[in-house]
$ cat target-v1.cif   # mmCIF, C-alpha atoms and all ligand atoms
data_run
#
loop_
_atom_site.label_atom_id
_atom_site.label_comp_id
_atom_site.auth_asym_id
_atom_site.auth_seq_id
_atom_site.Cartn_x
_atom_site.Cartn_y
_atom_site.Cartn_z
CA MET A 638 -24.44 -2.18 31.47
CA SER A 639 -23.83 -5.08 33.79
CA ASP A 640 -20.34 -5.66 35.18
CA ASN A 641 -20.21 -9.10 33.59
CA SER A 642 -20.32 -7.61 30.11
CA ILE A 643 -17.32 -5.34 30.78
CA GLN A 644 -13.93 -6.22 29.43
CA ALA A 645 -10.92 -4.24 30.69
CA LEU A 646 -7.52 -4.82 29.11
CA ARG A 647 -4.20 -3.12 29.78
CA ALA A 648 -1.13 -3.24 27.53
CA GLY A 649 2.32 -1.66 27.56
CA LYS A 650 1.39 0.16 24.38
CA ILE A 651 -1.79 0.39 22.34
CA MET A 652 -1.53 1.26 18.66
CA THR A 653 -5.09 2.53 18.34
CA MET A 654 -4.44 3.49 14.69
CA ALA A 655 -6.87 6.39 15.21
CA PRO A 656 -5.41 9.32 13.26
CA ASP A 657 -5.72 11.79 16.16
CA ARG A 658 -4.10 9.54 18.78
CA PRO A 659 -2.44 6.51 17.17
CA LEU A 660 -0.29 5.45 20.16
CA LEU A 661 -1.08 5.13 23.85
CA THR A 662 1.66 4.25 26.31
CA ASP A 663 0.41 2.07 29.17
CA GLY A 664 -3.05 1.98 27.67
CA VAL A 665 -6.36 0.52 28.79
CA LEU A 666 -9.24 -0.60 26.62
CA LEU A 667 -12.65 -0.81 28.26
CA ALA A 668 -15.38 -2.58 26.33
CA ALA A 669 -18.98 -3.43 27.04
CA ASP A 670 -20.74 -6.13 25.04
CA GLY A 671 -17.87 -6.20 22.57
CA ILE A 672 -17.97 -2.47 21.84
CA ILE A 673 -15.20 -0.10 22.95
CA HIS A 674 -16.52 2.14 25.68
CA GLU A 675 -13.25 3.90 26.51
CA ILE A 676 -9.65 3.69 25.39
CA ALA A 677 -7.02 5.84 27.07
CA ALA A 678 -3.84 5.82 29.10
CA TYR A 679 -4.07 3.89 32.39
CA ARG A 680 -3.40 7.04 34.40
CA GLU A 681 -6.43 8.71 32.82
CA ILE A 682 -8.74 5.77 33.42
CA LYS A 683 -7.73 4.52 36.87
CA LYS A 684 -9.76 7.16 38.73
CA GLU A 685 -13.03 6.39 36.96
CA TYR A 686 -12.71 2.63 36.54
CA LEU A 687 -12.15 0.61 39.67
CA GLY A 688 -13.00 -2.88 38.39
CA PRO A 689 -10.59 -5.70 37.54
CA ILE A 690 -8.23 -5.18 34.62
CA GLN A 691 -6.58 -7.99 32.67
CA ASP A 692 -2.94 -7.11 32.11
CA LEU A 693 -1.66 -8.27 28.72
CA GLY A 694 1.93 -7.38 29.57
CA PRO A 695 4.47 -4.95 28.13
CA GLY A 696 3.76 -5.69 24.46
CA ILE A 697 1.80 -3.78 21.85
CA MET A 698 -1.93 -4.16 21.33
CA ALA A 699 -3.23 -3.32 17.85
CA PRO A 700 -6.66 -3.52 16.16
CA GLY A 701 -7.88 -6.91 14.96
CA LEU A 702 -6.19 -7.54 11.61
CA ILE A 703 -7.81 -7.46 8.19
CA ASN A 704 -6.59 -9.85 5.49
CA ALA A 705 -7.76 -8.06 2.35
CA HIS A 706 -7.12 -10.95 -0.04
CA THR A 707 -7.61 -14.63 0.70
CA HIS A 708 -9.07 -17.66 -1.04
CA LEU A 709 -10.01 -19.71 2.02
CA GLU A 710 -11.89 -22.19 -0.18
CA LEU A 711 -8.52 -23.46 -1.48
CA SER A 712 -7.06 -24.14 1.96
CA HIS A 713 -7.28 -27.93 1.58
CA LEU A 714 -4.75 -27.69 -1.28
CA LYS A 715 -1.95 -26.22 0.85
CA GLY A 716 1.47 -27.36 -0.31
CA ARG A 717 0.17 -29.14 -3.41
CA THR A 718 1.01 -26.59 -6.11
CA VAL A 719 4.26 -26.12 -8.02
CA THR A 720 5.97 -22.99 -6.75
CA GLY A 721 9.08 -21.02 -7.61
CA LEU A 722 8.82 -21.49 -11.38
CA GLY A 723 6.43 -18.69 -12.30
CA PHE A 724 2.68 -18.32 -12.74
CA GLU A 725 2.17 -20.76 -15.61
CA ASP A 726 3.62 -23.78 -13.80
CA TRP A 727 1.79 -22.78 -10.65
CA VAL A 728 -1.63 -22.35 -12.31
CA GLN A 729 -1.24 -25.57 -14.32
CA SER A 730 -0.60 -27.48 -11.13
CA LEU A 731 -3.50 -25.72 -9.41
CA ILE A 732 -6.18 -26.45 -12.01
CA ARG A 733 -5.43 -30.18 -11.86
CA LEU A 734 -6.37 -30.23 -8.16
CA PRO A 735 -9.89 -30.71 -6.69
CA LEU A 736 -10.72 -27.00 -6.36
CA LYS A 737 -14.19 -27.69 -4.92
CA GLY A 738 -12.99 -30.07 -2.22
CA ILE A 739 -12.87 -27.80 0.82
CA ASP A 740 -13.97 -29.69 3.94
CA ALA A 741 -15.24 -28.73 7.39
CA ARG A 742 -12.13 -29.91 9.24
CA THR A 743 -9.83 -27.75 7.13
CA LEU A 744 -12.11 -24.75 7.57
CA ALA A 745 -12.17 -25.24 11.34
CA ARG A 746 -8.36 -25.25 11.34
CA VAL A 747 -8.28 -22.13 9.17
CA ARG A 748 -10.68 -20.39 11.54
CA ALA A 749 -8.50 -21.27 14.53
CA ASP A 750 -5.31 -20.12 12.75
CA LEU A 751 -6.89 -16.79 11.80
CA SER A 752 -7.92 -16.13 15.39
CA ALA A 753 -4.53 -17.17 16.76
CA GLY A 754 -2.88 -14.71 14.37
CA GLY A 755 -5.12 -11.82 15.45
CA THR A 756 -7.15 -11.72 12.23
CA ALA A 757 -10.63 -10.28 12.72
CA CYS A 758 -11.70 -9.85 9.12
CA VAL A 759 -11.09 -11.30 5.67
CA GLY A 760 -11.70 -10.05 2.15
CA ASP A 761 -12.26 -13.54 0.80
CA ILE A 762 -12.58 -14.67 -2.80
CA SER A 763 -14.79 -17.61 -3.73
CA GLY A 764 -15.35 -18.95 -7.21
CA HIS A 765 -15.78 -22.66 -6.51
CA SER A 766 -17.77 -23.12 -3.30
CA PRO A 767 -19.53 -19.76 -2.77
CA SER A 768 -22.55 -20.97 -0.78
CA LEU A 769 -20.44 -23.11 1.49
CA MET A 770 -17.96 -20.31 2.06
CA HIS A 771 -20.76 -17.83 2.72
CA ASP A 772 -22.24 -20.16 5.32
CA PHE A 773 -18.83 -20.79 6.88
CA LEU A 774 -17.95 -17.10 7.11
CA SER A 775 -21.40 -16.16 8.42
CA ALA A 776 -21.05 -18.70 11.24
CA SER A 777 -17.37 -17.95 11.91
CA GLY A 778 -17.82 -14.74 13.87
CA LEU A 779 -15.28 -13.08 11.58
CA PHE A 780 -16.00 -9.87 9.78
CA PHE A 781 -15.84 -10.58 6.10
CA HIS A 782 -16.52 -9.41 2.62
CA LEU A 783 -17.02 -12.33 0.25
CA PHE A 784 -16.10 -11.62 -3.35
CA LEU A 785 -18.07 -14.01 -5.56
CA GLU A 786 -15.63 -14.50 -8.37
CA GLN A 787 -16.87 -14.84 -11.91
CA ILE A 788 -14.53 -16.59 -14.34
CA GLY A 789 -15.06 -17.28 -18.01
CA PHE A 790 -16.02 -15.97 -21.40
CA ARG A 791 -19.36 -17.73 -21.76
CA GLU A 792 -22.67 -15.88 -21.91
CA LYS A 793 -23.82 -17.26 -18.53
CA ALA A 794 -21.06 -15.30 -16.84
CA LEU A 795 -22.81 -12.13 -17.96
CA HIS A 796 -25.45 -12.57 -15.24
CA PRO A 797 -23.33 -12.55 -12.17
CA LEU A 798 -25.51 -10.86 -9.57
CA PRO A 799 -25.66 -12.76 -6.32
CA GLY A 800 -28.68 -14.73 -5.23
CA LYS A 801 -29.19 -15.80 -1.66
CA GLN A 802 -25.94 -14.38 -0.30
CA ASN A 803 -26.07 -11.57 2.19
CA ARG A 804 -25.88 -8.48 0.04
CA LEU A 805 -24.21 -6.43 2.73
CA ARG A 806 -21.25 -8.75 2.97
CA SER A 807 -20.92 -10.26 -0.47
CA SER A 808 -20.75 -9.02 -4.01
CA PRO A 809 -19.67 -10.33 -7.41
CA SER A 810 -16.13 -9.75 -8.58
CA GLY A 811 -13.90 -10.57 -11.52
CA HIS A 812 -10.89 -12.86 -11.53
CA ALA A 813 -8.56 -11.10 -13.97
CA LEU A 814 -8.55 -9.30 -17.31
CA TYR A 815 -7.53 -12.50 -19.13
CA SER A 816 -9.95 -14.89 -17.42
CA THR A 817 -13.20 -12.96 -17.04
CA HIS A 818 -14.85 -11.45 -20.12
CA HIS A 819 -14.32 -7.69 -20.19
CA ARG A 820 -18.08 -7.06 -20.55
CA THR A 821 -18.68 -9.16 -17.42
CA LEU A 822 -16.07 -7.13 -15.58
CA GLN A 823 -17.75 -3.89 -16.63
CA LEU A 824 -21.19 -5.19 -15.64
CA ILE A 825 -19.96 -6.31 -12.22
CA LYS A 826 -18.04 -3.09 -11.65
CA GLY A 827 -21.11 -1.04 -12.57
CA TRP A 828 -23.27 -3.05 -10.17
CA CYS A 829 -20.74 -2.73 -7.33
CA ARG A 830 -20.47 1.01 -7.93
CA GLU A 831 -24.25 1.40 -7.76
CA GLN A 832 -24.53 -0.68 -4.60
CA GLY A 833 -21.51 0.86 -2.88
CA HIS A 834 -19.62 -2.45 -2.78
CA PRO A 835 -15.88 -2.93 -3.17
CA PHE A 836 -14.82 -4.55 -6.44
CA ALA A 837 -11.78 -6.84 -6.46
CA VAL A 838 -9.75 -8.02 -9.43
CA HIS A 839 -6.32 -9.65 -9.79
CA LEU A 840 -4.37 -7.12 -11.82
CA ALA A 841 -0.88 -7.07 -13.35
CA GLU A 842 0.27 -10.06 -11.32
CA HIS A 843 2.67 -11.86 -13.66
CA PRO A 844 4.64 -11.47 -16.91
CA GLY A 845 2.40 -13.94 -18.79
CA GLU A 846 -0.60 -11.67 -18.15
CA VAL A 847 1.26 -8.71 -19.65
CA GLU A 848 2.33 -10.77 -22.68
CA LEU A 849 -1.15 -12.19 -23.27
CA LEU A 850 -2.89 -8.81 -23.10
CA THR A 851 -0.32 -6.97 -25.19
CA THR A 852 0.36 -9.63 -27.86
CA GLY A 853 -2.11 -12.50 -27.43
CA GLN A 854 0.89 -14.82 -27.35
CA GLY A 855 2.87 -16.72 -24.79
CA ARG A 856 2.65 -19.82 -22.65
CA LEU A 857 -0.33 -18.53 -20.64
CA ALA A 858 -2.30 -18.04 -23.87
CA GLY A 859 -1.60 -21.68 -24.76
CA ILE A 860 -2.78 -22.89 -21.35
CA LEU A 861 -5.94 -20.76 -21.33
CA LYS A 862 -6.92 -21.61 -24.90
CA LYS A 863 -7.34 -25.24 -23.83
CA GLY A 864 -10.61 -24.30 -22.15
CA LEU A 865 -11.07 -20.82 -20.75
CA LEU A 866 -10.03 -18.41 -23.47
CA PRO A 867 -11.91 -18.56 -26.79
CA GLU A 868 -9.84 -19.10 -29.96
CA SER A 869 -11.32 -15.82 -31.18
CA PHE A 870 -9.79 -13.85 -28.27
CA THR A 871 -8.33 -10.60 -29.52
CA PRO A 872 -5.72 -9.04 -27.26
CA PRO A 873 -6.40 -5.38 -26.44
CA GLY A 874 -2.75 -4.59 -27.09
CA LEU A 875 -2.53 -2.79 -23.76
CA THR A 876 -0.76 -3.49 -20.50
CA PRO A 877 -3.05 -4.62 -17.64
CA VAL A 878 -3.47 -1.39 -15.64
CA THR A 879 -4.02 0.67 -18.80
CA PHE A 880 -6.57 -1.87 -20.11
CA ALA A 881 -8.38 -1.90 -16.75
CA ASP A 882 -8.65 1.87 -16.93
CA ARG A 883 -9.86 1.76 -20.53
CA LEU A 884 -12.65 -0.57 -19.35
CA GLY A 885 -13.64 1.91 -16.63
CA LEU A 886 -12.70 -0.46 -13.83
CA LEU A 887 -10.49 1.86 -11.81
CA ASP A 888 -12.05 4.08 -9.18
CA PRO A 889 -11.98 4.40 -5.38
CA GLY A 890 -14.21 1.33 -5.00
CA THR A 891 -11.75 -0.95 -6.78
CA LEU A 892 -9.22 -3.16 -5.03
CA ALA A 893 -6.55 -4.10 -7.55
CA VAL A 894 -4.78 -7.18 -6.23
CA HIS A 895 -1.02 -7.72 -6.79
CA VAL A 896 -0.01 -4.87 -9.21
CA VAL A 897 3.46 -6.30 -9.71
CA TYR A 898 3.71 -4.90 -13.23
CA ALA A 899 2.84 -1.22 -13.46
CA SER A 900 4.84 1.52 -15.17
CA PRO A 901 5.41 4.85 -13.38
CA GLU A 902 2.64 6.33 -15.57
CA GLU A 903 0.28 3.51 -14.58
CA ILE A 904 1.08 4.03 -10.91
CA GLU A 905 0.16 7.70 -11.38
CA LEU A 906 -3.03 6.58 -13.13
CA LEU A 907 -4.01 4.28 -10.24
CA ALA A 908 -3.39 7.18 -7.83
CA ARG A 909 -5.41 9.60 -9.94
CA ARG A 910 -8.36 7.20 -10.14
CA GLY A 911 -8.20 6.58 -6.39
CA ALA A 912 -8.05 2.80 -6.83
CA ALA A 913 -6.72 0.80 -3.87
CA VAL A 914 -4.02 -1.85 -4.19
CA CYS A 915 -3.66 -5.07 -2.24
CA LEU A 916 -0.11 -6.37 -2.24
CA CYS A 917 0.59 -10.05 -1.58
CA PRO A 918 4.40 -10.05 -1.33
CA ARG A 919 4.91 -13.59 -0.03
CA SER A 920 2.58 -15.07 -2.67
CA ASN A 921 4.46 -13.23 -5.44
CA ALA A 922 7.78 -14.44 -4.08
CA LEU A 923 6.64 -18.04 -3.61
CA ILE A 924 5.12 -18.41 -7.08
CA GLY A 925 8.04 -16.50 -8.56
CA VAL A 926 6.23 -13.77 -10.51
CA GLY A 927 8.36 -10.79 -9.46
CA ARG A 928 8.13 -8.05 -6.87
CA ALA A 929 5.59 -5.23 -6.81
CA PRO A 930 6.92 -1.64 -6.98
CA ALA A 931 5.71 -1.13 -3.42
CA GLU A 932 7.82 1.94 -2.69
CA LYS A 933 6.43 3.74 -5.75
CA LEU A 934 2.84 2.72 -5.01
CA LEU A 935 3.18 4.07 -1.46
CA ALA A 936 4.95 7.23 -2.62
CA ALA A 937 2.12 7.91 -5.08
CA GLY A 938 -0.32 8.06 -2.16
CA ILE A 939 -2.28 4.98 -3.23
CA ASP A 940 -4.38 3.28 -0.57
CA VAL A 941 -2.30 0.13 -0.05
CA CYS A 942 -3.15 -2.93 2.03
CA LEU A 943 -1.74 -6.44 2.39
CA GLY A 944 -3.21 -9.88 1.83
CA THR A 945 -1.81 -13.36 2.21
CA ASP A 946 -3.56 -14.75 -0.88
CA SER A 947 -4.41 -18.45 -0.64
CA LEU A 948 -2.59 -21.32 1.03
CA CYS A 949 -1.82 -22.51 -2.51
CA SER A 950 0.68 -19.66 -2.79
CA ASN A 951 1.64 -18.99 0.81
CA THR A 952 2.84 -20.96 3.78
CA ASP A 953 0.22 -19.57 6.17
CA LEU A 954 -2.46 -16.91 6.59
CA ASP A 955 -0.48 -14.94 9.20
CA LEU A 956 -0.74 -11.23 8.45
CA PHE A 957 1.96 -10.24 10.91
CA ALA A 958 4.32 -12.59 9.05
CA GLU A 959 3.19 -10.98 5.77
CA ALA A 960 3.87 -7.51 7.17
CA ALA A 961 7.27 -8.57 8.55
CA PHE A 962 8.26 -9.99 5.14
CA PHE A 963 7.03 -6.82 3.44
CA ALA A 964 8.96 -4.56 5.83
CA ARG A 965 12.19 -6.55 5.44
CA ASP A 966 11.95 -6.38 1.67
CA LEU A 967 11.04 -2.70 1.47
CA HIS A 968 13.66 -0.11 0.53
CA LEU A 969 12.28 2.42 2.99
CA ASP A 970 11.46 2.54 6.67
CA LEU A 971 7.71 2.73 7.09
CA GLY A 972 7.57 2.80 10.87
CA LEU A 973 5.22 0.58 12.85
CA GLU A 974 2.11 2.74 12.49
CA GLN A 975 2.33 2.91 8.71
CA LEU A 976 3.08 -0.80 8.51
CA LEU A 977 0.12 -1.71 10.72
CA ALA A 978 -2.10 0.61 8.66
CA LEU A 979 -1.69 -1.85 5.75
CA ILE A 980 -3.40 -4.61 7.75
CA THR A 981 -5.86 -2.57 9.84
CA ARG A 982 -6.98 0.98 9.01
CA ASN A 983 -6.47 0.91 5.23
CA PRO A 984 -8.27 -2.36 4.42
CA ALA A 985 -11.12 -1.41 6.78
CA ARG A 986 -11.70 1.70 4.69
CA ILE A 987 -11.33 -0.15 1.40
CA LEU A 988 -13.81 -2.86 2.45
CA ASN A 989 -16.29 -0.28 3.81
CA MET A 990 -15.96 -1.54 7.36
CA ASP A 991 -14.21 1.42 8.94
CA LYS A 992 -17.23 2.37 11.03
CA GLU A 993 -16.77 -0.86 12.99
CA ILE A 994 -13.20 -2.11 12.72
CA GLY A 995 -9.72 -1.05 11.60
CA THR A 996 -8.94 1.24 14.54
CA LEU A 997 -9.43 0.99 18.29
CA GLU A 998 -11.76 3.89 19.10
CA ARG A 999 -14.86 4.49 21.16
CA GLY A 1000 -17.92 2.89 19.56
CA LYS A 1001 -15.95 0.41 17.46
CA ARG A 1002 -15.59 -3.34 18.02
CA ALA A 1003 -13.21 -4.44 20.75
CA LEU A 1004 -11.29 -6.73 18.40
CA PHE A 1005 -7.56 -6.63 18.92
CA SER A 1006 -4.29 -8.34 18.10
CA LEU A 1007 -0.93 -8.47 19.86
CA VAL A 1008 2.02 -7.36 17.75
CA PRO A 1009 4.75 -10.03 17.83
CA GLU A 1010 8.10 -8.92 19.19
CA GLU A 1011 9.83 -9.68 15.91
CA LEU A 1012 7.75 -7.01 14.20
CA SER A 1013 7.81 -4.35 16.91
CA SER A 1014 11.57 -4.66 17.39
CA GLU A 1015 12.19 -4.35 13.65
CA GLN A 1016 10.76 -0.88 13.66
ZN ZN B 1 -5.77 -14.23 -5.35
#

$ encode --input "target-v1.cif" --output "structure tokens" --more "lines below"
Ligand SMILES: [Zn+2]
Amino acid sequence: MSDNSIQALRAGKIMTMAPDRPLLTDGVLLAADGIIHEIAAYREIKKEYLGPIQDLGPGIMAPGLINAHTHLELSHLKGRTVTGLGFEDWVQSLIRLPLKGIDARTLARVRADLSAGGTACVGDISGHSPSLMHDFLSASGLFFHLFLEQIGFREKALHPLPGKQNRLRSSPSGHALYSTHHRTLQLIKGWCREQGHPFAVHLAEHPGEVELLTTGQGRLAGILKKGLLPESFTPPGLTPVTFADRLGLLDPGTLAVHVVYASPEEIELLARRGAAVCLCPRSNALIGVGRAPAEKLLAAGIDVCLGTDSLCSNTDLDLFAEAAFFARDLHLDLGLEQLLALITRNPARILNMDKEIGTLERGKRALFSLVPEELSSEQ
């Protein structure tokens, strides 16, 4: 390797997130051509490596962050939805907006914000501008998995398999149990399982979803029956997590997003099936849908990660801010390593990218973030 391709970085601490050695004090990361060649304490490396080292200061270096749930295609609608009044008011305000209007300038800003916040990868949902978003993400230099969201109860939604998109980095997904036909969800889940792709679905996010699925009634039913939900819709009479399981949607390849409403038995069920959960605490708080039983989900041993959700239900796409909010609101002390796992190691595994990102180890990508003081001092 030529010297020019070598990157040497030193930090007061490095949270490698590698299970065997998660924390290095006074650590150095050596990379060649963007791949980690060595990562160890400075005193171990200084005898072998005599080249220049960039000192990042006394702070904490962590792996590049992974935002497991975004809708970047809605970024142009930031600040234009009704928030704080619950899901129905929020979604009504959202569907009146130009959902397909994402523009290059907004995407460039989003790209810059993600980099500035240390984000290296997104699990991004696209239902309105999938080709454009695929092209944007492919050119962005970010790691990504693009979930091509299928919404609707019409027959055409029963053929959701992707066309020109890169099959390694994109796959079909469902929106929710009340907005994507259950046969479509089963078809997509079956395809993802066969292909080894993650499957994402919004699950148990808000009280209206629970009411609609259990009784067929409520304000959400009224809103959806104006276009999306057929008059003939028969509610399964089950709560969301139980219905998802009945449909065969829960297994280790499934990323259930939100899970605000789950009974203790349903949390046990999610754990038993091995399904992963993506929590979006600031989105839930901003829309006003409730708070996920995060402590119980973690205690059950479920693979949990964090996402910001879209800029229609969050103030920014900053994962450190999401983690800080989550930690402040949590009735237990996770410790910095466990907290960072929610935005690094865990989502890397869930999105099938843990061979390349999620921890700072030899052979993986040299993508890193710097933990803000606010977060490190809270721990
Ligand atoms: Zn979402």

$ closest_residue --input "target-v1.cif" --among "A:Pro695, A:Gly811, A:Gly911, A:Gly1000" --to "ligand ZN 1 (chain B)" --atoms "all atoms listed in the file"
A:Gly811

$ residues_near_ligand --input "target-v1.cif" --ligand "ligand ZN 1 (chain B)" --cutoff "7 Å" --atoms "all atoms listed in the file" --output "list in words"
His706, Thr707, His708, His839, Asp946 and Ser947 of chain A

$ residues_near_point --input "target-v1.cif" --point "(-2.0, 7.1, 25.9)" --cutoff "8 Å" --atoms "only C-alpha atoms" --output "list in words"
Lys650, Ile651, Arg658, Leu660, Leu661, Thr662, Asp663, Gly664, Ala677, Ala678 and Tyr679 of chain A

$ atom_distance --input "target-v1.cif" --atom1 "atom CA of A:Ser808" --atom2 "atom CA of A:Ala705"
14.5 Å

$ closest_residue --input "target-v1.cif" --among "A:His713, A:Arg986, A:Arg820, A:Arg919" --to "A:Arg746" --atoms "only C-alpha atoms"
A:His713

$ closest_atom_pairs --input "target-v1.cif" --of "stretch 809-844 of chain A" --to "stretch 867-889 of chain A" --cutoff "10 Å" --atoms "all atoms listed in the file" --output "CSV"
residue,atom,partner,partner_atom,distance
A:Ala813,CA,A:Pro877,CA,9.3
A:Leu814,CA,A:Pro877,CA,7.2
A:Tyr815,CA,A:Pro872,CA,9.0
A:His818,CA,A:Phe870,CA,9.9
A:His819,CA,A:Leu884,CA,7.4
A:Arg820,CA,A:Leu884,CA,8.5
A:Leu822,CA,A:Leu886,CA,7.7
A:Gln823,CA,A:Leu884,CA,6.7
A:Leu824,CA,A:Leu886,CA,9.9
A:Ile825,CA,A:Leu886,CA,9.5
A:Lys826,CA,A:Leu886,CA,6.3
A:Gly827,CA,A:Leu886,CA,8.5
A:Arg830,CA,A:Asp888,CA,9.0
A:Pro835,CA,A:Pro889,CA,8.6
A:Phe836,CA,A:Leu886,CA,8.7
A:Ala837,CA,A:Leu886,CA,9.8
A:Val838,CA,A:Leu886,CA,9.2
A:His839,CA,A:Pro877,CA,9.9
A:Leu840,CA,A:Pro877,CA,6.5
A:Ala841,CA,A:Pro877,CA,5.4
A:Glu842,CA,A:Pro877,CA,9.0

$ atom_distance --input "target-v1.cif" --atom1 "atom CA of A:Ser920" --atom2 "atom CA of A:Ser766"
21.9 Å

$ residues_near_point --input "target-v1.cif" --point "(3.6, 7.0, -1.0)" --cutoff "12 Å" --atoms "only C-alpha atoms" --output "CSV table (one decimal) with C-alpha atoms, in the frame of the given file"
chain,number,residue,atom,x,y,z
A,904,ILE,CA,1.1,4.0,-10.9
A,905,GLU,CA,0.2,7.7,-11.4
A,908,ALA,CA,-3.4,7.2,-7.8
A,930,PRO,CA,6.9,-1.6,-7.0
A,931,ALA,CA,5.7,-1.1,-3.4
A,932,GLU,CA,7.8,1.9,-2.7
A,933,LYS,CA,6.4,3.7,-5.8
A,934,LEU,CA,2.8,2.7,-5.0
A,935,LEU,CA,3.2,4.1,-1.5
A,936,ALA,CA,5.0,7.2,-2.6
A,937,ALA,CA,2.1,7.9,-5.1
A,938,GLY,CA,-0.3,8.1,-2.2
A,939,ILE,CA,-2.3,5.0,-3.2
A,940,ASP,CA,-4.4,3.3,-0.6
A,941,VAL,CA,-2.3,0.1,0.0
A,969,LEU,CA,12.3,2.4,3.0
A,970,ASP,CA,11.5,2.5,6.7
A,971,LEU,CA,7.7,2.7,7.1
A,975,GLN,CA,2.3,2.9,8.7

$ closest_residue --input "target-v1.cif" --among "A:Gly721, A:Leu988, A:Ile676, A:Ala858" --to "A:Ala913" --atoms "only C-alpha atoms"
A:Leu988

$ residues_around --input "target-v1.cif" --residues "A:Thr981" --least-positions-apart "4" --cutoff "8 Å" --atoms "only C-alpha atoms" --output "PyMOL selection string"
chain A and resi 654+700-703+977+985+994-996

$ closest_residue --input "target-v1.cif" --among "A:Ala757, A:Thr653, A:Gln644, A:Leu1007" --to "A:Tyr686" --atoms "all atoms listed in the file"
A:Gln644

$ atom_distance --input "target-v1.cif" --atom1 "atom CA of A:Gln691" --atom2 "atom CA of A:Leu646"
4.9 Å

$ residues_around --input "target-v1.cif" --residues "A:Lys737" --least-positions-apart "2" --cutoff "7 Å" --atoms "only C-alpha atoms" --output "PyMOL selection string"
chain A and resi 735+739+765-766

$ residues_around --input "target-v1.cif" --residues "A:His812" --least-positions-apart "2" --cutoff "7 Å" --atoms "all atoms listed in the file" --output "list in words"
Glu786, Gln787, Ile788, Ser810, Ser816, Thr817, Val838 and His839 of chain A

$ residues_around --input "target-v1.cif" --residues "A:Ile732" --least-positions-apart "3" --cutoff "12 Å" --atoms "all atoms listed in the file" --output "VMD selection string"
chain A and resid 711 714 717 to 719 725 to 729 735 to 737 765 860 to 861 863 to 865 949

$ closest_residue --input "target-v1.cif" --among "A:Leu967, A:Val665, A:Val896, A:Val759" --to "A:Leu954" --atoms "only C-alpha atoms"
A:Val759
